[in-house]
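*Asks:* Have a peek at work_26.csv (CSV, C-alpha atoms).
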chain,number,residue,atom,x,y,z
A,1,MET,CA,-0.9,-18.6,-27.9
A,2,LYS,CA,-3.9,-17.3,-29.7
A,3,LEU,CA,-4.1,-13.7,-30.7
A,4,LEU,CA,-7.0,-13.2,-28.2
A,5,THR,CA,-4.5,-13.9,-25.5
A,6,HIS,CA,-1.8,-11.8,-27.1
A,7,ASN,CA,-4.3,-8.9,-27.1
A,8,MET,CA,-4.6,-9.0,-23.3
A,9,LEU,CA,-1.0,-9.8,-22.2
A,10,SER,CA,1.3,-7.0,-21.0
A,11,SER,CA,4.6,-6.7,-19.3
A,12,LYS,CA,3.6,-3.9,-17.0
A,13,SER,CA,4.4,-6.0,-13.9
A,14,LEU,CA,8.1,-5.7,-14.8
A,15,LYS,CA,9.9,-3.2,-12.5
A,16,GLY,CA,10.3,0.1,-14.3
A,17,VAL,CA,7.9,-0.7,-17.1
A,18,VAL,CA,5.0,1.8,-17.4
A,19,VAL,CA,2.6,0.4,-20.1
A,20,GLY,CA,4.3,-2.8,-21.5
A,21,TYR,CA,1.8,-3.1,-24.2
A,22,PRO,CA,1.4,-4.3,-26.9
A,23,LEU,CA,4.0,-7.0,-26.7
A,24,LYS,CA,5.9,-7.5,-29.9
A,25,ILE,CA,5.6,-10.9,-31.4
A,26,GLU,CA,8.5,-12.8,-33.0
A,27,ALA,CA,7.1,-16.0,-34.3
A,28,TYR,CA,9.1,-19.0,-35.5
A,29,ASP,CA,6.3,-21.5,-35.8
A,30,VAL,CA,2.6,-20.5,-36.5
A,31,LYS,CA,-0.2,-23.0,-36.9
A,32,VAL,CA,-3.9,-22.6,-37.9
A,33,THR,CA,-6.5,-24.8,-36.3
A,34,GLU,CA,-10.1,-24.8,-37.2
A,35,VAL,CA,-12.3,-23.7,-34.3
A,36,GLU,CA,-16.1,-23.8,-34.3
A,37,PHE,CA,-17.5,-20.4,-35.2
A,38,ASN,CA,-19.7,-18.9,-32.6
A,39,PRO,CA,-20.9,-15.5,-33.9
A,40,GLU,CA,-22.6,-14.4,-30.6
A,41,PHE,CA,-19.4,-15.1,-28.7
A,42,ILE,CA,-17.2,-13.2,-31.1
A,43,ALA,CA,-19.6,-10.2,-31.1
A,44,LYS,CA,-19.3,-10.2,-27.3
A,45,VAL,CA,-15.5,-10.3,-27.4
A,46,ILE,CA,-14.9,-7.5,-29.9
A,47,PRO,CA,-15.6,-4.6,-27.5
A,48,LYS,CA,-13.1,-6.2,-25.0
A,49,ILE,CA,-10.2,-6.2,-27.4
A,50,ASP,CA,-7.8,-3.6,-28.8
A,51,TYR,CA,-8.7,-4.0,-32.5
A,52,SER,CA,-5.7,-2.1,-33.8
A,53,VAL,CA,-3.4,-4.4,-31.9
A,54,LEU,CA,-5.2,-7.4,-33.3
A,55,ILE,CA,-4.8,-6.1,-36.9
A,56,ARG,CA,-1.1,-5.5,-36.4
A,57,ALA,CA,-0.5,-8.9,-34.9
A,58,ALA,CA,-2.5,-10.6,-37.6
A,59,GLU,CA,-0.7,-8.6,-40.3
A,60,TYR,CA,2.7,-9.6,-38.9
A,61,LEU,CA,1.7,-13.3,-38.9
A,62,GLY,CA,0.3,-13.0,-42.4
A,63,HIS,CA,-3.3,-13.7,-41.4
A,64,VAL,CA,-4.9,-10.4,-41.7
A,65,GLY,CA,-7.2,-11.7,-44.4
A,66,LYS,CA,-10.0,-9.3,-45.2
A,67,LEU,CA,-10.1,-7.6,-41.8
A,68,PRO,CA,-10.9,-3.9,-42.3
A,69,GLY,CA,-8.9,-1.2,-40.6
A,70,HIS,CA,-11.7,-0.3,-38.2
A,71,VAL,CA,-14.5,-2.1,-36.6
A,72,PRO,CA,-17.7,-1.6,-38.7
A,73,GLU,CA,-21.0,-0.6,-37.3
A,74,ASN,CA,-23.6,-3.3,-36.3
A,75,VAL,CA,-21.0,-6.0,-36.0
A,76,GLU,CA,-23.7,-8.5,-34.6
A,77,LYS,CA,-25.2,-8.8,-38.1
A,78,ASN,CA,-22.0,-8.7,-40.1
A,79,THR,CA,-21.3,-12.4,-40.3
A,80,ASP,CA,-18.4,-12.0,-42.8
A,81,PHE,CA,-16.6,-9.6,-40.4
A,82,LEU,CA,-17.3,-11.8,-37.4
A,83,LYS,CA,-15.8,-14.8,-39.3
A,84,GLU,CA,-12.6,-12.8,-40.1
A,85,VAL,CA,-12.2,-11.8,-36.5
A,86,HIS,CA,-12.9,-15.3,-35.3
A,87,HIS,CA,-10.2,-16.6,-37.5
A,88,ALA,CA,-7.6,-14.0,-36.4
A,89,LEU,CA,-8.5,-14.2,-32.7
A,90,LEU,CA,-9.0,-18.0,-32.2
A,91,GLU,CA,-7.7,-20.0,-35.1
A,92,VAL,CA,-4.2,-18.5,-35.6
A,93,GLU,CA,-1.8,-19.7,-33.0
A,94,VAL,CA,1.9,-18.9,-32.3
A,95,VAL,CA,3.4,-22.3,-31.4
A,96,LYS,CA,7.0,-21.2,-31.0
A,97,GLY,CA,8.4,-17.7,-30.7
A,98,ASP,CA,9.0,-14.8,-28.3
A,99,LEU,CA,6.9,-12.0,-26.9
A,100,VAL,CA,9.1,-8.9,-26.5
A,101,CYS,CA,8.4,-6.1,-23.9
A,102,PRO,CA,8.2,-2.8,-26.0
A,103,GLU,CA,10.0,-0.8,-23.2
A,104,SER,CA,12.6,-3.1,-21.7
A,105,GLY,CA,13.2,-5.6,-24.5
A,106,ARG,CA,12.7,-8.4,-22.0
A,107,ARG,CA,11.7,-11.6,-23.9
A,108,PHE,CA,9.0,-14.0,-22.9
A,109,PRO,CA,9.5,-17.3,-24.7
A,110,ILE,CA,6.5,-19.1,-26.3
A,111,THR,CA,6.9,-22.9,-26.3
A,112,ASP,CA,4.3,-25.5,-27.3
A,113,GLY,CA,1.9,-22.5,-27.8
A,114,ILE,CA,2.4,-21.4,-24.1
A,115,PRO,CA,3.8,-18.0,-23.3
A,116,ASN,CA,6.1,-18.1,-20.3
A,117,MET,CA,5.3,-14.9,-18.3
A,118,LEU,CA,7.2,-15.9,-15.2
A,119,LEU,CA,9.3,-13.2,-13.6
A,120,ASN,CA,12.4,-13.4,-11.5
A,121,GLU,CA,12.2,-12.0,-8.0
A,122,ASP,CA,14.5,-9.1,-8.9
A,123,GLU,CA,12.3,-8.1,-11.9
A,124,VAL,CA,9.2,-7.1,-10.0
B,125,MET,CA,-26.4,-30.4,-22.5
B,126,MET,CA,-24.1,-33.1,-21.2
B,127,LYS,CA,-25.4,-34.9,-18.1
B,128,ILE,CA,-23.6,-34.5,-14.8
B,129,LYS,CA,-22.7,-38.2,-14.6
B,130,GLN,CA,-21.3,-38.1,-18.1
B,131,LEU,CA,-19.2,-35.0,-17.3
B,132,GLU,CA,-17.8,-36.7,-14.2
B,133,GLN,CA,-16.9,-39.8,-16.2
B,134,GLU,CA,-15.2,-37.7,-18.9
B,135,LEU,CA,-13.2,-35.9,-16.2
B,136,GLN,CA,-12.2,-39.2,-14.7
B,137,GLN,CA,-10.2,-40.0,-17.8
B,138,LEU,CA,-7.9,-37.1,-17.2
B,139,SER,CA,-4.4,-37.5,-15.9
B,140,THR,CA,-3.5,-35.9,-12.6
B,141,PHE,CA,-0.2,-34.9,-10.9
B,142,ASP,CA,2.6,-37.5,-11.1
B,143,GLN,CA,4.7,-35.8,-8.5
B,144,PRO,CA,2.6,-33.1,-6.7
B,145,ASN,CA,4.7,-30.1,-5.6
B,146,ILE,CA,4.1,-29.5,-1.9
B,147,LEU,CA,5.1,-25.9,-2.0
B,148,LEU,CA,2.4,-25.2,-4.5
B,149,GLU,CA,-0.2,-27.2,-2.6
B,150,GLN,CA,-0.9,-29.3,-5.7
B,151,TYR,CA,-4.0,-31.3,-4.9
B,152,ALA,CA,-6.0,-32.3,-7.9
B,153,THR,CA,-9.7,-31.2,-8.0
B,154,SER,CA,-11.5,-34.5,-8.0
B,155,PRO,CA,-13.8,-35.3,-11.0
B,156,HIS,CA,-16.7,-35.6,-8.6
B,157,ILE,CA,-16.2,-32.1,-7.2
B,158,ALA,CA,-15.2,-30.5,-10.5
B,159,SER,CA,-18.3,-31.8,-12.3
B,160,ARG,CA,-20.6,-30.6,-9.6
B,161,MET,CA,-19.1,-27.1,-9.6
B,162,LEU,CA,-19.3,-26.7,-13.3
B,163,TYR,CA,-22.7,-28.2,-13.6
B,164,VAL,CA,-24.2,-25.9,-11.0
B,165,ALA,CA,-22.5,-22.9,-12.7
B,166,GLN,CA,-24.1,-23.7,-16.0
B,167,ASN,CA,-27.4,-25.2,-15.0
B,168,GLN,CA,-28.4,-22.8,-12.3
B,169,TYR,CA,-26.6,-19.6,-13.4
B,170,GLU,CA,-25.7,-20.1,-17.1
B,171,ASP,CA,-22.2,-19.0,-16.4
B,172,ILE,CA,-20.3,-21.4,-18.6
B,173,GLN,CA,-21.8,-21.8,-22.1
B,174,ASP,CA,-20.6,-19.1,-24.5
B,175,CYS,CA,-18.7,-17.4,-21.7
B,176,LEU,CA,-15.1,-16.2,-21.4
B,177,VAL,CA,-13.8,-18.4,-18.6
B,178,ALA,CA,-10.5,-18.1,-16.6
B,179,ASP,CA,-9.1,-20.9,-14.5
B,180,LEU,CA,-6.7,-19.6,-11.8
B,181,GLY,CA,-4.1,-22.1,-10.7
B,182,ALA,CA,-5.4,-24.5,-13.2
B,183,GLY,CA,-3.3,-27.5,-12.1
B,184,CYS,CA,-4.0,-30.4,-14.4
B,185,GLY,CA,-6.8,-28.5,-16.1
B,186,VAL,CA,-9.8,-30.5,-14.7
B,187,LEU,CA,-12.0,-27.3,-14.3
B,188,SER,CA,-10.7,-25.8,-17.6
B,189,ILE,CA,-11.4,-28.9,-19.7
B,190,GLY,CA,-14.8,-29.5,-17.9
B,191,ALA,CA,-15.8,-25.9,-18.7
B,192,LEU,CA,-15.0,-26.5,-22.4
B,193,MET,CA,-17.1,-29.7,-22.3
B,194,LEU,CA,-20.0,-27.6,-21.1
B,195,GLY,CA,-19.7,-25.2,-24.0
B,196,ALA,CA,-17.5,-22.4,-22.7
B,197,GLY,CA,-16.8,-19.8,-25.5
B,198,HIS,CA,-13.1,-19.7,-24.6
B,199,VAL,CA,-11.0,-20.8,-21.6
B,200,THR,CA,-7.7,-19.4,-20.4
B,201,ALA,CA,-5.8,-21.5,-17.9
B,202,PHE,CA,-3.3,-19.7,-15.7
B,203,GLU,CA,-0.7,-22.0,-14.1
B,204,ILE,CA,2.8,-21.5,-12.6
B,205,ASP,CA,4.1,-25.0,-12.8
B,206,GLN,CA,5.6,-26.5,-15.9
B,207,ASN,CA,4.9,-30.1,-14.8
B,208,ALA,CA,1.2,-29.3,-14.3
B,209,ILE,CA,1.1,-27.6,-17.7
B,210,ASP,CA,2.6,-30.7,-19.4
B,211,THR,CA,-0.3,-32.6,-17.9
B,212,ILE,CA,-2.8,-30.1,-19.1
B,213,LEU,CA,-1.4,-30.4,-22.7
B,214,GLU,CA,-1.6,-34.2,-22.5
B,215,ASN,CA,-5.2,-34.0,-21.3
B,216,CYS,CA,-6.2,-31.5,-24.0
B,217,GLU,CA,-4.7,-33.8,-26.6
B,218,ASP,CA,-6.5,-36.9,-25.2
B,219,GLU,CA,-9.8,-35.0,-25.0
B,220,GLU,CA,-9.3,-33.1,-28.3
B,221,VAL,CA,-10.1,-29.8,-26.8
B,222,ALA,CA,-8.2,-26.5,-27.1
B,223,LEU,CA,-7.6,-23.9,-24.4
B,224,ASP,CA,-5.1,-21.1,-24.0
B,225,ILE,CA,-2.5,-21.7,-21.3
B,226,ILE,CA,-0.4,-18.9,-19.7
B,227,ASN,CA,2.6,-19.9,-17.6
B,228,CYS,CA,2.7,-17.3,-14.9
B,229,ASP,CA,2.4,-16.4,-11.3
B,230,VAL,CA,-1.2,-15.3,-11.0
B,231,ILE,CA,-0.4,-13.0,-8.2
B,232,LYS,CA,2.3,-11.1,-10.1
B,233,LEU,CA,0.8,-11.1,-13.7
B,234,LEU,CA,-2.8,-10.3,-12.9
B,235,PRO,CA,-4.9,-8.3,-13.2
B,236,GLY,CA,-2.8,-6.4,-15.8
B,237,ARG,CA,-5.0,-5.7,-18.8
B,238,PHE,CA,-7.4,-8.6,-17.9
B,239,GLU,CA,-9.4,-6.2,-15.7
B,240,LYS,CA,-13.1,-7.3,-16.0
B,241,HIS,CA,-12.2,-9.3,-19.1
B,242,PHE,CA,-13.6,-12.7,-18.0
B,243,ASP,CA,-17.3,-13.5,-17.5
B,244,THR,CA,-16.6,-16.4,-15.2
B,245,VAL,CA,-13.6,-17.4,-13.0
B,246,VAL,CA,-13.4,-20.9,-11.8
B,247,MET,CA,-10.7,-21.9,-9.3
B,248,ASN,CA,-9.6,-24.3,-6.7
B,249,PRO,CA,-7.0,-22.0,-5.0
B,250,PRO,CA,-4.3,-23.2,-2.7
B,251,PHE,CA,-5.8,-23.1,0.8
B,252,GLY,CA,-2.7,-21.6,2.3
B,253,THR,CA,-0.3,-23.1,4.7
B,254,LYS,CA,2.2,-21.7,7.2
B,255,HIS,CA,4.6,-20.5,4.5
B,256,ASN,CA,2.0,-18.9,2.3
B,257,ALA,CA,-0.8,-17.9,4.6
B,258,GLY,CA,-3.6,-15.9,2.9
B,259,ILE,CA,-2.8,-17.0,-0.6
B,260,ASP,CA,-6.4,-18.1,-1.1
B,261,MET,CA,-7.6,-14.6,-0.4
B,262,LYS,CA,-5.0,-13.2,-2.8
B,263,PHE,CA,-6.5,-15.5,-5.5
B,264,LEU,CA,-10.0,-14.2,-4.6
B,265,GLU,CA,-8.7,-10.6,-5.0
B,266,ILE,CA,-7.3,-11.3,-8.4
B,267,ALA,CA,-10.5,-13.2,-9.4
B,268,ALA,CA,-12.6,-10.2,-8.3
B,269,ALA,CA,-10.5,-7.9,-10.5
B,270,ILE,CA,-10.6,-10.0,-13.7
B,271,SER,CA,-14.3,-11.1,-13.6
B,272,ASN,CA,-17.2,-9.0,-14.8
B,273,ASN,CA,-19.8,-11.5,-13.5
B,274,ALA,CA,-19.1,-14.5,-11.3
B,275,ILE,CA,-16.4,-16.5,-9.5
B,276,TYR,CA,-16.8,-20.2,-8.5
B,277,SER,CA,-14.3,-21.2,-5.8
B,278,LEU,CA,-13.5,-23.7,-3.1
B,279,HIS,CA,-12.5,-22.6,0.4
B,280,LYS,CA,-12.0,-24.4,3.7
B,281,THR,CA,-15.3,-24.5,5.7
B,282,SER,CA,-13.3,-23.6,8.8
B,283,THR,CA,-12.4,-20.3,7.4
B,284,ARG,CA,-15.9,-19.4,6.1
B,285,ALA,CA,-16.5,-16.3,8.2
B,286,HIS,CA,-13.1,-14.8,7.0
B,287,VAL,CA,-13.8,-15.7,3.4
B,288,LEU,CA,-17.2,-14.1,3.4
B,289,LYS,CA,-15.9,-11.0,5.0
B,290,LYS,CA,-13.1,-10.7,2.5
B,291,GLY,CA,-15.7,-11.2,-0.3
B,292,GLU,CA,-17.8,-8.3,1.1
B,293,GLN,CA,-14.7,-6.1,1.3
B,294,LEU,CA,-14.1,-6.8,-2.4
B,295,GLY,CA,-17.6,-5.8,-3.3
B,296,LEU,CA,-18.7,-9.3,-4.0
B,297,HIS,CA,-22.0,-11.0,-3.1
B,298,ALA,CA,-21.2,-14.5,-1.8
B,299,LYS,CA,-23.4,-17.6,-1.7
B,300,VAL,CA,-22.3,-20.9,-0.2
B,301,LEU,CA,-23.7,-23.4,-2.7
B,302,ALA,CA,-22.6,-26.6,-1.0
B,303,GLU,CA,-20.5,-28.0,1.7
B,304,LEU,CA,-18.3,-30.7,0.3
B,305,ARG,CA,-16.0,-33.4,1.7
B,306,TYR,CA,-12.7,-33.0,0.1
B,307,ASP,CA,-10.9,-36.3,0.3
B,308,LEU,CA,-7.2,-35.6,0.2
B,309,PRO,CA,-5.4,-38.8,-0.6
B,310,SER,CA,-2.2,-39.1,1.3
B,311,THR,CA,-0.3,-37.5,-1.5
B,312,TYR,CA,2.7,-36.4,0.6
B,313,LYS,CA,4.9,-38.3,2.9
B,314,PHE,CA,4.0,-36.3,6.0
B,315,HIS,CA,0.5,-37.5,5.8
B,316,LYS,CA,0.1,-40.3,8.4
B,317,LYS,CA,-3.4,-41.5,7.6
B,318,LYS,CA,-4.4,-43.0,4.2
B,319,SER,CA,-6.6,-40.0,3.4
B,320,VAL,CA,-7.8,-36.9,5.2
B,321,ASP,CA,-11.3,-35.6,4.8
B,322,ILE,CA,-11.5,-31.9,5.0
B,323,GLU,CA,-14.7,-29.8,4.8
B,324,VAL,CA,-14.8,-27.4,1.9
B,325,ASP,CA,-17.3,-24.7,0.9
B,326,PHE,CA,-18.2,-24.4,-2.7
B,327,ILE,CA,-18.9,-20.7,-3.1
B,328,ARG,CA,-20.3,-18.5,-5.9
B,329,PHE,CA,-19.2,-14.8,-5.7
B,330,SER,CA,-21.2,-12.4,-7.8
B,331,THR,CA,-19.8,-9.1,-8.9
B,332,LYS,CA,-23.3,-7.8,-9.4
B,333,LYS,CA,-26.1,-6.8,-6.9
B,334,GLU,CA,-28.5,-9.7,-7.7
B,335,SER,CA,-26.6,-12.7,-6.6
Could you take the file, read its structure, and then write that structure out as structure tokens?

*Replies:*
Amino acid sequence: MKLLTHNMLSSKSLKGVVVGYPLKIEAYDVKVTEVEFNPEFIAKVIPKIDYSVLIRAAEYLGHVGKLPGHVPENVEKNTDFLKEVHHALLEVEVVKGDLVCPESGRRFPITDGIPNMLLNEDEV
Amino acid sequence: MMKIKQLEQELQQLSTFDQPNILLEQYATSPHIASRMLYVAQNQYEDIQDCLVADLGAGCGVLSIGALMLGAGHVTAFEIDQNAIDTILENCEDEEVALDIINCDVIKLLPGRFEKHFDTVVMNPPFGTKHNAGIDMKFLEIAAAISNNAIYSLHKTSTRAHVLKKGEQLGLHAKVLAELRYDLPSTYKFHKKKSVDIEVDFIRFSTKKES
């Protein structure tokens, strides 16, 4: 699971959960894979994500690098910043771990890099 | 850009379902159909390259992997079945491509926070049978919620009027791009003939006015 996906996932489909976001990460195995850098794509993705959630997740995984606390202005031209975001969003991957619902404590296991978000009938 | 024939040949290398699950209507999207869907999406509409792409009910990942081959910025495959996911992982390893897979029930998890997140949704939804009638339209509803631009989907030609009406209700502008023959091999025991040809519409739904 890349942090781009973590940034979008929530547990609000669980019965009784109101926001269910952000999901807490507990990582047992993290890997970094090189992914081709596409600055236009990253610039397009930044407005879609919750930047503070990305920072916290990257910090927890020890990959915050030189990411600043806030999104700077004119990101399109800021290649250094785009590269840092690219790394955090797409190159860092949780291979094994858990995602934890912040309200209910329900755990969603991550195996082979894939979060299992399946719910039982009595949970929805 | 990769030629259509080359894309089809690449997709022919992928593994498909060992033991298709009948309840999930697991029919693999043929390399022939998948390559044409993706090629049209990119060549006529520029809806793949550098785009955020979702594949709903990804199965063995044919559409997901094909989208990556055509230069998608990022692909997320949503799939409920662990066996299918194992095949996607195997295919990704063979093709040396990386996509994000989420093991979930599309209907229950989405849209969630994915509202308008994806530029393009590609899908070959379950057509719906007696026990899950209307599931294809539920997939279309979800696709409409998570896309900010376009949806490429397959639907039975016999249900076209219904599908187009549903699209309109969802505020989508639909265009039937092709009528295809979907050759279903006799995957399941109850199929008496060797294969069954069904007619399928390849439809592009646009979330914008100019479709």

*Asks:* What is the distance, in Å and to one decimal place, between atom CA of B:Ile128 and atom CA of B:Ser159?

*Replies:* 6.5 Å

*Asks:* Each residue of chain B lying at most 6 Å from chain A should get a row with its shortest atom-to-atom pair and the distance in Å to one decimal, counting all atoms listed in the file; could you produce that, ordered by chain and increasing number, as a tab-separated table?

*Replies:*
residue	atom	partner	partner_atom	distance
B:Asp174	CA	A:Phe41	CA	5.9
B:Ile225	CA	A:Ile114	CA	5.7
B:Ile226	CA	A:Pro115	CA	5.6
B:Asn227	CA	A:Asn116	CA	4.8
B:Cys228	CA	A:Leu118	CA	4.7
B:Arg237	CA	A:Met8	CA	5.6

*Asks:* Give me, as a compact mmCIF listing (two decimals) with C-alpha atoms, in the coordinates of the input, all polymer residues having an atom no more than 10 Å from stretch 165-171 of chain B, counting all atoms listed in the file and skipping those fewer than 2 positions away in the same chain.

*Replies:*
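For reference, out_3.txt as written:
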# COMPACT_ATOMS: atom_id res chain seq x y z
CA MET B 125 -26.40 -30.40 -22.50
CA SER B 159 -18.30 -31.80 -12.30
CA ARG B 160 -20.60 -30.60 -9.60
CA MET B 161 -19.10 -27.10 -9.60
CA LEU B 162 -19.30 -26.70 -13.30
CA TYR B 163 -22.70 -28.20 -13.60
CA GLN B 173 -21.80 -21.80 -22.10
CA ASP B 174 -20.60 -19.10 -24.50
CA CYS B 175 -18.70 -17.40 -21.70
CA LEU B 176 -15.10 -16.20 -21.40
CA VAL B 177 -13.80 -18.40 -18.60
CA ALA B 191 -15.80 -25.90 -18.70
CA LEU B 194 -20.00 -27.60 -21.10
CA GLY B 195 -19.70 -25.20 -24.00
CA ALA B 196 -17.50 -22.40 -22.70
CA ASP B 243 -17.30 -13.50 -17.50
CA THR B 244 -16.60 -16.40 -15.20
CA VAL B 245 -13.60 -17.40 -13.00
CA VAL B 246 -13.40 -20.90 -11.80
CA ASN B 273 -19.80 -11.50 -13.50
CA ALA B 274 -19.10 -14.50 -11.30
CA ILE B 275 -16.40 -16.50 -9.50
CA TYR B 276 -16.80 -20.20 -8.50
CA ARG B 328 -20.30 -18.50 -5.90
CA SER B 335 -26.60 -12.70 -6.60

*Asks:* Give me the residues near stretch 52-67 of chain A as a VMD selection string, where near means some atom within 9 Å (using only C-alpha atoms) and where sequence neighbours in that chain fewer than 5 positions away do not count.

*Replies:* chain A and resid 3 to 4 6 to 7 22 24 to 27 30 81 84 to 85 87 to 89 92 94

*Asks:* Which residue, A:Asp122, A:Asp98, A:Glu103, A:Asp80, has the smallest gap to A:Asp29 when you use all atoms listed in the file?

*Replies:*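 Among the listed residues, the smallest separation from A:Asp29 belongs to A:Asp98.
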
*Asks:* Which residues are close to B:Leu278, i.e. within 8 Å by all atoms listed in the file, leaving aside same-chain residues fewer than 2 positions away? Reply as a PyMOL selection string.

*Replies:* chain B and resi 247-249+276+280+324-327

*Asks:* Export, as a compact mmCIF listing (two decimals), keeping the file's coordinate frame, the selected residues with C-alpha atoms.

*Replies:*
# COMPACT_ATOMS: atom_id res chain seq x y z
CA MET B 247 -10.70 -21.90 -9.30
CA ASN B 248 -9.60 -24.30 -6.70
CA PRO B 249 -7.00 -22.00 -5.00
CA TYR B 276 -16.80 -20.20 -8.50
CA LYS B 280 -12.00 -24.40 3.70
CA VAL B 324 -14.80 -27.40 1.90
CA ASP B 325 -17.30 -24.70 0.90
CA PHE B 326 -18.20 -24.40 -2.70
CA ILE B 327 -18.90 -20.70 -3.10

*Asks:* Report as a list in words all protein, DNA and RNA residues lying within 8 Å of B:Ile266, evaluated on all atoms listed in the file, omitting residues in the same chain fewer than 6 positions from it.

*Replies:*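 Once the nearby chain positions are removed, what remains is Val230, Ile231, Leu234 and Pro235 of chain B.
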